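J.: Structure in structure tokens, see below.
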Amino acid sequence: MTASACEYIPGLANVPAAQSSISYVDGKKGILEYRGFQIEDLAAKSTFLETTYLLIWGQLPSKQQLADFENEVRYHRRIKYRIRDMMKCFPETGHPMDALQTSAAALGLFYARRALNDPQYIREAVVRLIAKIPTMVAAFMQMRKGNDPIQPNDDLDYATNFLYMLTERIPEPLAARIFDVCLMLHAEHTINASTFSAMVTASTMTDPYAVIASAVGTLAGPLHGGANEEVIFMLQDIGSVENVRPYVENLIANKSKIMGFGHRVYKVKDPRATILQGLAERLFEQTGRDEYYDIAVELERVVEEKLGSKGIYANVDFYSGLVYRKLGIPTDLFTPIFAIARVAGWLAHWREQIGENRIFRPTQIYTGGHNHPYIPMRER
Ligand code: SDX
């Protein structure tokens, strides 16, 4: 079927690029569902690995299916020593998202490409990427400090093990549970920029490691997954509750984007922001309030007052950083953590795309000239 009208829509806003059953967003009502299950329900009752299984294979796993998946992921958490050796050459000042994109692509060197219609190959790639991405994020974080990476602890569940590899301390159960919920909240979100990037790469039938490396690079941008880190820098820059209003008025006067606000689809508060705000408050009960939380709440109030009429509200990136700070996670790891979670959604779309594939190749509206005569250097 070919498109009749050749109308150019900047950013493909509201242009369907796929048919998918993986997740659903209602931007007006603030609804997010994974395979038909409401995000609030999953956040309260599920786990990240169970949600990952649901996203990728389309139904909630049985007790045995979940146990098998968890055990396979646990078994594959370690990374090849050659990848650790490669990381030793990375500059300590490099951004962890660049380290992650490089090491994710490197994974493909160790696992020979096989037919993409082989369910076993698909499962192995899913398990390896879900299992190894957290280990690579934690390894770079340790190595840039001059430390040996902390090996995964097979006695710990997925979320607890990641926090352990970051800090070498076993986190409190509440902290681990809240981190696991954060991973669920960030796992999937229809055809966002990094997922679209994954789908375009997948549509060429390349290997899944290249697909994930493409998506990591896309997520890193400050207009997408990089916003969570920028929100903390902004809260630090604002410095006090009293300074919020003039700060916002200045940003608006300069037509600057306010990080952590606005969304292509949500025209109300992102339901994930609401849940993350609640998680932050639960953490604060146990650990004390974050110094920036009051500034954040006032900032959300002022931005809603000024820009709510334009449908600009807090998105998923606004409160996530305040949760991660309380978990002792460095600011520049916020986006790699977003990537750890979103690997689930990227792999779900990879599997859906290769299952009924047509290579992405849109058209363009040409705006240049034609038939220019070549101009010799002496005449330029
Ligand atoms: C994520 O797509 C997804 O689902 C992404 C995500 C996911 O789970 O994958 O939800 C994760 O990326 C969340 C978004 C994180 N990014 C930020 O917080 C960065 C700040 N947000 C903006 O850059 C912006 O809101 C976007 C990029 C999120 C959405 O951009 P759009 O849909 O292209 O909107 P736009 O830039 O065309 O803006 C429309 C209007 C403009 O005003 P006018 O020129 O029409 O007068 O709204 C204004 C914009 O200036 N606007 C903002 C704003 N966002 C939009 N003004 C101030 N601050 C903002 N944050």
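Lettering and numbering for the structure tokens are positional, with chains as A, B, ... in the shown order, residues counted from 1 in each chain, and ligands counted from 1 in the shown order.
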Find the residues around A:Ala202 up to 8 Å (only C-alpha atoms counted), leave out those fewer than 2 positions away in its own chain, and share them as a PyMOL selection string.
T.: chain A and resi 198-200+204-208+211+350+353-354
J.: For those residues, write N, CA, C and O atoms to a file as a PDB file, in the first residue's frame.
T.:
```pdb
ATOM      1  N   ALA A 198      15.485   1.576  17.393  1.00  0.00           N
ATOM      2  CA  ALA A 198      15.684   0.122  17.474  1.00  0.00           C
ATOM      3  C   ALA A 198      14.937  -0.583  16.347  1.00  0.00           C
ATOM      4  O   ALA A 198      15.449  -1.500  15.693  1.00  0.00           O
ATOM      5  N   MET A 199      13.719  -0.119  16.062  1.00  0.00           N
ATOM      6  CA  MET A 199      12.901  -0.775  15.033  1.00  0.00           C
ATOM      7  C   MET A 199      13.486  -0.585  13.645  1.00  0.00           C
ATOM      8  O   MET A 199      13.509  -1.505  12.822  1.00  0.00           O
ATOM      9  N   VAL A 200      13.976   0.644  13.375  1.00  0.00           N
ATOM     10  CA  VAL A 200      14.568   0.910  12.057  1.00  0.00           C
ATOM     11  C   VAL A 200      15.796   0.021  11.877  1.00  0.00           C
ATOM     12  O   VAL A 200      15.972  -0.635  10.841  1.00  0.00           O
ATOM     13  N   THR A 204      16.478  -3.923   9.216  1.00  0.00           N
ATOM     14  CA  THR A 204      17.483  -4.327   8.220  1.00  0.00           C
ATOM     15  C   THR A 204      17.917  -5.766   8.459  1.00  0.00           C
ATOM     16  O   THR A 204      18.754  -6.295   7.724  1.00  0.00           O
ATOM     17  N   MET A 205      17.333  -6.396   9.525  1.00  0.00           N
ATOM     18  CA  MET A 205      17.646  -7.778   9.924  1.00  0.00           C
ATOM     19  C   MET A 205      19.092  -7.929  10.406  1.00  0.00           C
ATOM     20  O   MET A 205      19.711  -8.987  10.234  1.00  0.00           O
ATOM     21  N   THR A 206      19.611  -6.906  11.025  1.00  0.00           N
ATOM     22  CA  THR A 206      20.943  -6.999  11.640  1.00  0.00           C
ATOM     23  C   THR A 206      20.815  -7.699  12.983  1.00  0.00           C
ATOM     24  O   THR A 206      19.722  -8.126  13.371  1.00  0.00           O
ATOM     25  N   ASP A 207      21.916  -7.836  13.725  1.00  0.00           N
ATOM     26  CA  ASP A 207      21.854  -8.609  14.979  1.00  0.00           C
ATOM     27  C   ASP A 207      21.282  -7.752  16.110  1.00  0.00           C
ATOM     28  O   ASP A 207      21.360  -6.520  16.078  1.00  0.00           O
ATOM     29  N   PRO A 208      20.729  -8.389  17.133  1.00  0.00           N
ATOM     30  CA  PRO A 208      20.063  -7.664  18.229  1.00  0.00           C
ATOM     31  C   PRO A 208      20.995  -6.769  19.035  1.00  0.00           C
ATOM     32  O   PRO A 208      20.552  -5.773  19.614  1.00  0.00           O
ATOM     33  N   VAL A 211      21.080  -3.571  17.295  1.00  0.00           N
ATOM     34  CA  VAL A 211      19.786  -2.915  17.524  1.00  0.00           C
ATOM     35  C   VAL A 211      19.810  -2.161  18.849  1.00  0.00           C
ATOM     36  O   VAL A 211      19.440  -0.988  18.937  1.00  0.00           O
ATOM     37  N   TRP A 350      11.847  -5.278  18.867  1.00  0.00           N
ATOM     38  CA  TRP A 350      12.737  -6.006  17.948  1.00  0.00           C
ATOM     39  C   TRP A 350      12.078  -7.304  17.536  1.00  0.00           C
ATOM     40  O   TRP A 350      11.942  -7.607  16.350  1.00  0.00           O
ATOM     41  N   GLN A 353       9.055  -6.651  15.390  1.00  0.00           N
ATOM     42  CA  GLN A 353       9.423  -6.162  14.055  1.00  0.00           C
ATOM     43  C   GLN A 353       9.904  -7.289  13.142  1.00  0.00           C
ATOM     44  O   GLN A 353       9.453  -7.411  11.996  1.00  0.00           O
ATOM     45  N   ILE A 354      10.832  -8.134  13.668  1.00  0.00           N
ATOM     46  CA  ILE A 354      11.381  -9.196  12.789  1.00  0.00           C
ATOM     47  C   ILE A 354      10.335 -10.275  12.530  1.00  0.00           C
ATOM     48  O   ILE A 354      10.446 -11.061  11.598  1.00  0.00           O
TER      49      ILE A 354
END
```
J.: For stretch 145-154 of chain A, please output as a PyMOL selection string all residues within 12 Å (counting only C-alpha atoms; exclusion window: fewer than 3 positions along the same chain).
T.: chain A and resi 70-81+83-85+87-94+131-142+157-170
J.: Taking only C-alpha atoms and all ligand atoms and a cut-off of 9 Å, can you tell me which residues surround ligand 1, written as a PDB file with N, CA and C atoms, in the first residue's frame?
T.:
```pdb
ATOM      1  N   PRO A  10       6.827  17.229  10.540  1.00  0.00           N
ATOM      2  CA  PRO A  10       8.075  17.285  11.310  1.00  0.00           C
ATOM      3  C   PRO A  10       8.049  16.336  12.506  1.00  0.00           C
ATOM      4  N   GLY A  11       9.128  15.570  12.641  1.00  0.00           N
ATOM      5  CA  GLY A  11       9.218  14.647  13.781  1.00  0.00           C
ATOM      6  C   GLY A  11       8.223  13.517  13.700  1.00  0.00           C
ATOM      7  N   ALA A  13       5.206  13.597  13.943  1.00  0.00           N
ATOM      8  CA  ALA A  13       4.253  13.737  15.053  1.00  0.00           C
ATOM      9  C   ALA A  13       2.905  13.137  14.659  1.00  0.00           C
ATOM     10  N   VAL A  25      -0.714   4.027  25.021  1.00  0.00           N
ATOM     11  CA  VAL A  25      -0.710   5.282  25.789  1.00  0.00           C
ATOM     12  C   VAL A  25      -1.914   6.104  25.366  1.00  0.00           C
ATOM     13  N   LEU A 185       8.680   1.001  35.417  1.00  0.00           N
ATOM     14  CA  LEU A 185       8.082   2.242  34.893  1.00  0.00           C
ATOM     15  C   LEU A 185       8.786   2.719  33.633  1.00  0.00           C
ATOM     16  N   HIS A 186      10.074   2.391  33.496  1.00  0.00           N
ATOM     17  CA  HIS A 186      10.866   2.873  32.356  1.00  0.00           C
ATOM     18  C   HIS A 186      11.005   1.837  31.249  1.00  0.00           C
ATOM     19  N   ALA A 187      10.321   0.689  31.393  1.00  0.00           N
ATOM     20  CA  ALA A 187      10.608  -0.448  30.504  1.00  0.00           C
ATOM     21  C   ALA A 187      10.126  -0.252  29.076  1.00  0.00           C
ATOM     22  N   GLU A 188       9.024   0.471  28.875  1.00  0.00           N
ATOM     23  CA  GLU A 188       8.400   0.481  27.547  1.00  0.00           C
ATOM     24  C   GLU A 188       7.508   1.700  27.390  1.00  0.00           C
ATOM     25  N   HIS A 189       7.431   2.244  26.170  1.00  0.00           N
ATOM     26  CA  HIS A 189       6.555   3.402  25.978  1.00  0.00           C
ATOM     27  C   HIS A 189       6.237   3.637  24.510  1.00  0.00           C
ATOM     28  N   THR A 190       5.660   2.674  23.864  1.00  0.00           N
ATOM     29  CA  THR A 190       5.270   2.693  22.440  1.00  0.00           C
ATOM     30  C   THR A 190       6.439   3.185  21.569  1.00  0.00           C
ATOM     31  N   ILE A 191       6.115   3.986  20.524  1.00  0.00           N
ATOM     32  CA  ILE A 191       7.156   4.285  19.510  1.00  0.00           C
ATOM     33  C   ILE A 191       7.862   5.587  19.871  1.00  0.00           C
ATOM     34  N   ASN A 192       8.580   5.580  20.988  1.00  0.00           N
ATOM     35  CA  ASN A 192       9.407   6.740  21.346  1.00  0.00           C
ATOM     36  C   ASN A 192      10.647   6.730  20.469  1.00  0.00           C
ATOM     37  N   ALA A 193      11.456   7.790  20.555  1.00  0.00           N
ATOM     38  CA  ALA A 193      12.587   7.941  19.627  1.00  0.00           C
ATOM     39  C   ALA A 193      13.541   6.758  19.669  1.00  0.00           C
ATOM     40  N   SER A 194      13.927   6.302  20.865  1.00  0.00           N
ATOM     41  CA  SER A 194      14.930   5.217  20.936  1.00  0.00           C
ATOM     42  C   SER A 194      14.323   3.884  20.499  1.00  0.00           C
ATOM     43  N   THR A 195      13.047   3.669  20.774  1.00  0.00           N
ATOM     44  CA  THR A 195      12.401   2.438  20.310  1.00  0.00           C
ATOM     45  C   THR A 195      12.264   2.465  18.790  1.00  0.00           C
ATOM     46  N   LEU A 219      18.684   7.123  23.013  1.00  0.00           N
ATOM     47  CA  LEU A 219      18.142   7.460  24.344  1.00  0.00           C
ATOM     48  C   LEU A 219      18.982   8.517  25.036  1.00  0.00           C
ATOM     49  N   GLY A 221      20.154  11.338  24.310  1.00  0.00           N
ATOM     50  CA  GLY A 221      19.927  12.761  24.077  1.00  0.00           C
ATOM     51  C   GLY A 221      19.115  13.446  25.173  1.00  0.00           C
ATOM     52  N   PRO A 222      19.403  14.743  25.483  1.00  0.00           N
ATOM     53  CA  PRO A 222      18.710  15.449  26.568  1.00  0.00           C
ATOM     54  C   PRO A 222      17.212  15.652  26.311  1.00  0.00           C
ATOM     55  N   LEU A 223      16.774  15.548  25.070  1.00  0.00           N
ATOM     56  CA  LEU A 223      15.325  15.680  24.817  1.00  0.00           C
ATOM     57  C   LEU A 223      14.606  14.365  25.078  1.00  0.00           C
ATOM     58  N   HIS A 224      15.363  13.304  25.330  1.00  0.00           N
ATOM     59  CA  HIS A 224      14.778  11.961  25.531  1.00  0.00           C
ATOM     60  C   HIS A 224      15.256  11.422  26.881  1.00  0.00           C
ATOM     61  N   GLY A 225      15.988  10.361  26.908  1.00  0.00           N
ATOM     62  CA  GLY A 225      16.360   9.772  28.197  1.00  0.00           C
ATOM     63  C   GLY A 225      17.339  10.605  28.993  1.00  0.00           C
ATOM     64  N   GLY A 226      18.054  11.497  28.325  1.00  0.00           N
ATOM     65  CA  GLY A 226      19.047  12.303  29.035  1.00  0.00           C
ATOM     66  C   GLY A 226      18.429  13.382  29.913  1.00  0.00           C
ATOM     67  N   ALA A 227      17.108  13.561  29.831  1.00  0.00           N
ATOM     68  CA  ALA A 227      16.460  14.652  30.583  1.00  0.00           C
ATOM     69  C   ALA A 227      16.526  14.432  32.093  1.00  0.00           C
ATOM     70  N   ASN A 228      16.541  13.163  32.541  1.00  0.00           N
ATOM     71  CA  ASN A 228      16.509  12.923  33.998  1.00  0.00           C
ATOM     72  C   ASN A 228      17.751  13.494  34.687  1.00  0.00           C
ATOM     73  N   GLU A 230      19.499  16.057  33.415  1.00  0.00           N
ATOM     74  CA  GLU A 230      19.390  17.519  33.270  1.00  0.00           C
ATOM     75  C   GLU A 230      18.468  18.118  34.338  1.00  0.00           C
ATOM     76  N   VAL A 231      17.446  17.355  34.759  1.00  0.00           N
ATOM     77  CA  VAL A 231      16.517  17.870  35.793  1.00  0.00           C
ATOM     78  C   VAL A 231      17.268  18.155  37.090  1.00  0.00           C
ATOM     79  N   LEU A 251      13.279  31.116  31.840  1.00  0.00           N
ATOM     80  CA  LEU A 251      13.345  30.053  30.817  1.00  0.00           C
ATOM     81  C   LEU A 251      12.280  30.279  29.749  1.00  0.00           C
ATOM     82  N   ILE A 252      11.073  30.599  30.181  1.00  0.00           N
ATOM     83  CA  ILE A 252       9.972  30.799  29.231  1.00  0.00           C
ATOM     84  C   ILE A 252      10.247  32.016  28.354  1.00  0.00           C
ATOM     85  N   LYS A 255      12.412  31.170  25.700  1.00  0.00           N
ATOM     86  CA  LYS A 255      11.907  30.040  24.898  1.00  0.00           C
ATOM     87  C   LYS A 255      12.765  28.782  25.092  1.00  0.00           C
ATOM     88  N   SER A 256      13.287  28.597  26.327  1.00  0.00           N
ATOM     89  CA  SER A 256      14.085  27.391  26.612  1.00  0.00           C
ATOM     90  C   SER A 256      13.162  26.260  27.057  1.00  0.00           C
ATOM     91  N   LYS A 257      13.522  25.032  26.727  1.00  0.00           N
ATOM     92  CA  LYS A 257      12.751  23.871  27.165  1.00  0.00           C
ATOM     93  C   LYS A 257      13.079  23.605  28.639  1.00  0.00           C
ATOM     94  N   ILE A 258      12.045  23.356  29.425  1.00  0.00           N
ATOM     95  CA  ILE A 258      12.238  23.048  30.845  1.00  0.00           C
ATOM     96  C   ILE A 258      12.338  21.523  30.975  1.00  0.00           C
ATOM     97  N   MET A 259      13.504  21.061  31.378  1.00  0.00           N
ATOM     98  CA  MET A 259      13.779  19.614  31.400  1.00  0.00           C
ATOM     99  C   MET A 259      12.838  18.890  32.375  1.00  0.00           C
ATOM    100  N   GLY A 260      12.348  17.722  31.943  1.00  0.00           N
ATOM    101  CA  GLY A 260      11.430  16.944  32.782  1.00  0.00           C
ATOM    102  C   GLY A 260       9.982  17.312  32.575  1.00  0.00           C
ATOM    103  N   PHE A 261       9.739  18.229  31.634  1.00  0.00           N
ATOM    104  CA  PHE A 261       8.350  18.648  31.355  1.00  0.00           C
ATOM    105  C   PHE A 261       8.052  18.527  29.863  1.00  0.00           C
ATOM    106  N   GLY A 262       6.774  18.347  29.584  1.00  0.00           N
ATOM    107  CA  GLY A 262       6.337  18.251  28.189  1.00  0.00           C
ATOM    108  C   GLY A 262       6.476  16.840  27.684  1.00  0.00           C
ATOM    109  N   HIS A 263       5.673  16.526  26.667  1.00  0.00           N
ATOM    110  CA  HIS A 263       5.722  15.181  26.091  1.00  0.00           C
ATOM    111  C   HIS A 263       4.981  15.206  24.757  1.00  0.00           C
ATOM    112  N   ARG A 264       5.481  14.432  23.800  1.00  0.00           N
ATOM    113  CA  ARG A 264       4.836  14.389  22.505  1.00  0.00           C
ATOM    114  C   ARG A 264       3.418  13.829  22.620  1.00  0.00           C
ATOM    115  N   VAL A 265       3.212  12.916  23.553  1.00  0.00           N
ATOM    116  CA  VAL A 265       1.902  12.250  23.651  1.00  0.00           C
ATOM    117  C   VAL A 265       1.097  12.722  24.863  1.00  0.00           C
ATOM    118  N   TYR A 266       1.716  12.728  26.063  1.00  0.00           N
ATOM    119  CA  TYR A 266       0.947  13.114  27.256  1.00  0.00           C
ATOM    120  C   TYR A 266       0.663  14.617  27.256  1.00  0.00           C
ATOM    121  N   ASP A 270       2.326  12.843  33.268  1.00  0.00           N
ATOM    122  CA  ASP A 270       2.729  11.481  32.911  1.00  0.00           C
ATOM    123  C   ASP A 270       2.399  10.561  34.096  1.00  0.00           C
ATOM    124  N   ARG A 272       3.590   7.911  34.984  1.00  0.00           N
ATOM    125  CA  ARG A 272       4.827   7.405  35.598  1.00  0.00           C
ATOM    126  C   ARG A 272       5.413   8.437  36.561  1.00  0.00           C
ATOM    127  N   VAL A 303       5.294  25.528  36.799  1.00  0.00           N
ATOM    128  CA  VAL A 303       5.250  25.174  35.369  1.00  0.00           C
ATOM    129  C   VAL A 303       3.812  24.828  34.971  1.00  0.00           C
ATOM    130  N   LEU A 307       2.299  26.766  32.037  1.00  0.00           N
ATOM    131  CA  LEU A 307       2.295  26.037  30.755  1.00  0.00           C
ATOM    132  C   LEU A 307       1.253  24.922  30.698  1.00  0.00           C
ATOM    133  N   LYS A 310      -0.970  24.698  27.837  1.00  0.00           N
ATOM    134  CA  LYS A 310      -0.407  24.193  26.558  1.00  0.00           C
ATOM    135  C   LYS A 310      -0.199  22.683  26.619  1.00  0.00           C
ATOM    136  N   GLY A 311      -0.677  22.081  27.687  1.00  0.00           N
ATOM    137  CA  GLY A 311      -0.541  20.623  27.819  1.00  0.00           C
ATOM    138  C   GLY A 311       0.848  20.196  28.235  1.00  0.00           C
ATOM    139  N   ILE A 312       1.553  21.113  28.917  1.00  0.00           N
ATOM    140  CA  ILE A 312       2.923  20.800  29.341  1.00  0.00           C
ATOM    141  C   ILE A 312       2.924  20.513  30.841  1.00  0.00           C
ATOM    142  N   TYR A 313       3.194  19.270  31.169  1.00  0.00           N
ATOM    143  CA  TYR A 313       3.184  18.782  32.559  1.00  0.00           C
ATOM    144  C   TYR A 313       4.435  17.951  32.800  1.00  0.00           C
ATOM    145  N   ALA A 314       4.639  17.537  34.059  1.00  0.00           N
ATOM    146  CA  ALA A 314       5.816  16.721  34.405  1.00  0.00           C
ATOM    147  C   ALA A 314       5.759  15.390  33.666  1.00  0.00           C
ATOM    148  N   ASN A 315       6.930  14.959  33.152  1.00  0.00           N
ATOM    149  CA  ASN A 315       7.012  13.655  32.494  1.00  0.00           C
ATOM    150  C   ASN A 315       7.847  12.693  33.336  1.00  0.00           C
ATOM    151  N   VAL A 316       8.116  11.521  32.798  1.00  0.00           N
ATOM    152  CA  VAL A 316       8.756  10.435  33.563  1.00  0.00           C
ATOM    153  C   VAL A 316      10.112  10.857  34.117  1.00  0.00           C
ATOM    154  N   ASP A 317      10.758  11.818  33.444  1.00  0.00           N
ATOM    155  CA  ASP A 317      12.123  12.180  33.854  1.00  0.00           C
ATOM    156  C   ASP A 317      12.169  13.176  34.997  1.00  0.00           C
ATOM    157  N   PHE A 318      10.982  13.678  35.433  1.00  0.00           N
ATOM    158  CA  PHE A 318      11.044  14.782  36.393  1.00  0.00           C
ATOM    159  C   PHE A 318      11.384  14.333  37.810  1.00  0.00           C
ATOM    160  N   PHE A 338      17.914   4.208  32.861  1.00  0.00           N
ATOM    161  CA  PHE A 338      16.763   4.248  31.953  1.00  0.00           C
ATOM    162  C   PHE A 338      16.982   3.190  30.855  1.00  0.00           C
ATOM    163  N   ARG A 342      14.788   0.071  29.604  1.00  0.00           N
ATOM    164  CA  ARG A 342      14.174   0.131  28.283  1.00  0.00           C
ATOM    165  C   ARG A 342      14.640  -0.954  27.332  1.00  0.00           C
TER     166      ARG A 342
END
```
J.: Which one is closest to A:Ala44: A:Ser203, A:Gly278, A:Ala105, A:Val181? Count only C-alpha atoms.
T.: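 For A:Ala44, the nearest of the candidates is A:Val181.
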J.: Write out as a PyMOL selection string all residues of stretch 93-252 of chain A that DSSP puts in helix (DSSP H, G or I) for this structure's backbone.
T.: chain A and resi 96-107+119-143+158-167+173-185+193-202+208-219+227-238+241-252
J.: Excluding A:Ala106 and its own-chain neighbours fewer than 4 positions away, which residues fall within 10 Å of it when counting only C-alpha atoms? Please give them as a PyMOL selection string.
T.: chain A and resi 82-83+86+100-102+110-111+209-210+213
J.: Report the distance between atom CA of A:Leu283 and atom CA of A:Leu327 in Å, rounded to one decimal place.
T.: 8.7 Å
J.: If you run DSSP over the backbone, which residues in stretch 14-182 of chain A end up strand (DSSP E)? Put them as a count of residues only.
T.: 10
J.: What's around A:Pro61 at 12 Å? Count only C-alpha atoms, leave out sequence neighbours fewer than 3 positions away in its own chain, and write the answer as a JSON list (two decimals) with C-alpha atoms, in the first residue's frame.
T.:
```json
[["chain", "number", "residue", "atom", "x", "y", "z"],
["A", 46, "SER", "CA", 4.75, -7.21, 39.40],
["A", 47, "THR", "CA", 8.54, -7.25, 39.13],
["A", 49, "LEU", "CA", 11.73, -9.45, 35.12],
["A", 50, "GLU", "CA", 8.08, -10.57, 35.11],
["A", 51, "THR", "CA", 7.16, -7.36, 33.26],
["A", 52, "THR", "CA", 10.05, -7.95, 30.83],
["A", 53, "TYR", "CA", 8.69, -11.44, 30.09],
["A", 54, "LEU", "CA", 5.18, -9.98, 29.59],
["A", 55, "LEU", "CA", 6.44, -7.30, 27.19],
["A", 56, "ILE", "CA", 8.60, -9.63, 25.10],
["A", 57, "TRP", "CA", 6.50, -12.82, 24.97],
["A", 58, "GLY", "CA", 3.09, -11.21, 25.31],
["A", 64, "GLN", "CA", 7.80, -22.11, 36.22],
["A", 65, "GLN", "CA", 8.28, -19.85, 33.17],
["A", 66, "LEU", "CA", 9.24, -16.94, 35.42],
["A", 67, "ALA", "CA", 11.59, -19.09, 37.51],
["A", 68, "ASP", "CA", 13.29, -20.39, 34.35],
["A", 69, "PHE", "CA", 13.65, -16.86, 32.94],
["A", 70, "GLU", "CA", 15.01, -15.49, 36.23]]
```
J.: Taking only C-alpha atoms into account, which of A:Ala112, A:Asn117, A:Glu124, A:Ile130 comes nearest A:Ala341?
T.: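 Among the listed residues, the smallest separation from A:Ala341 belongs to A:Ile130.
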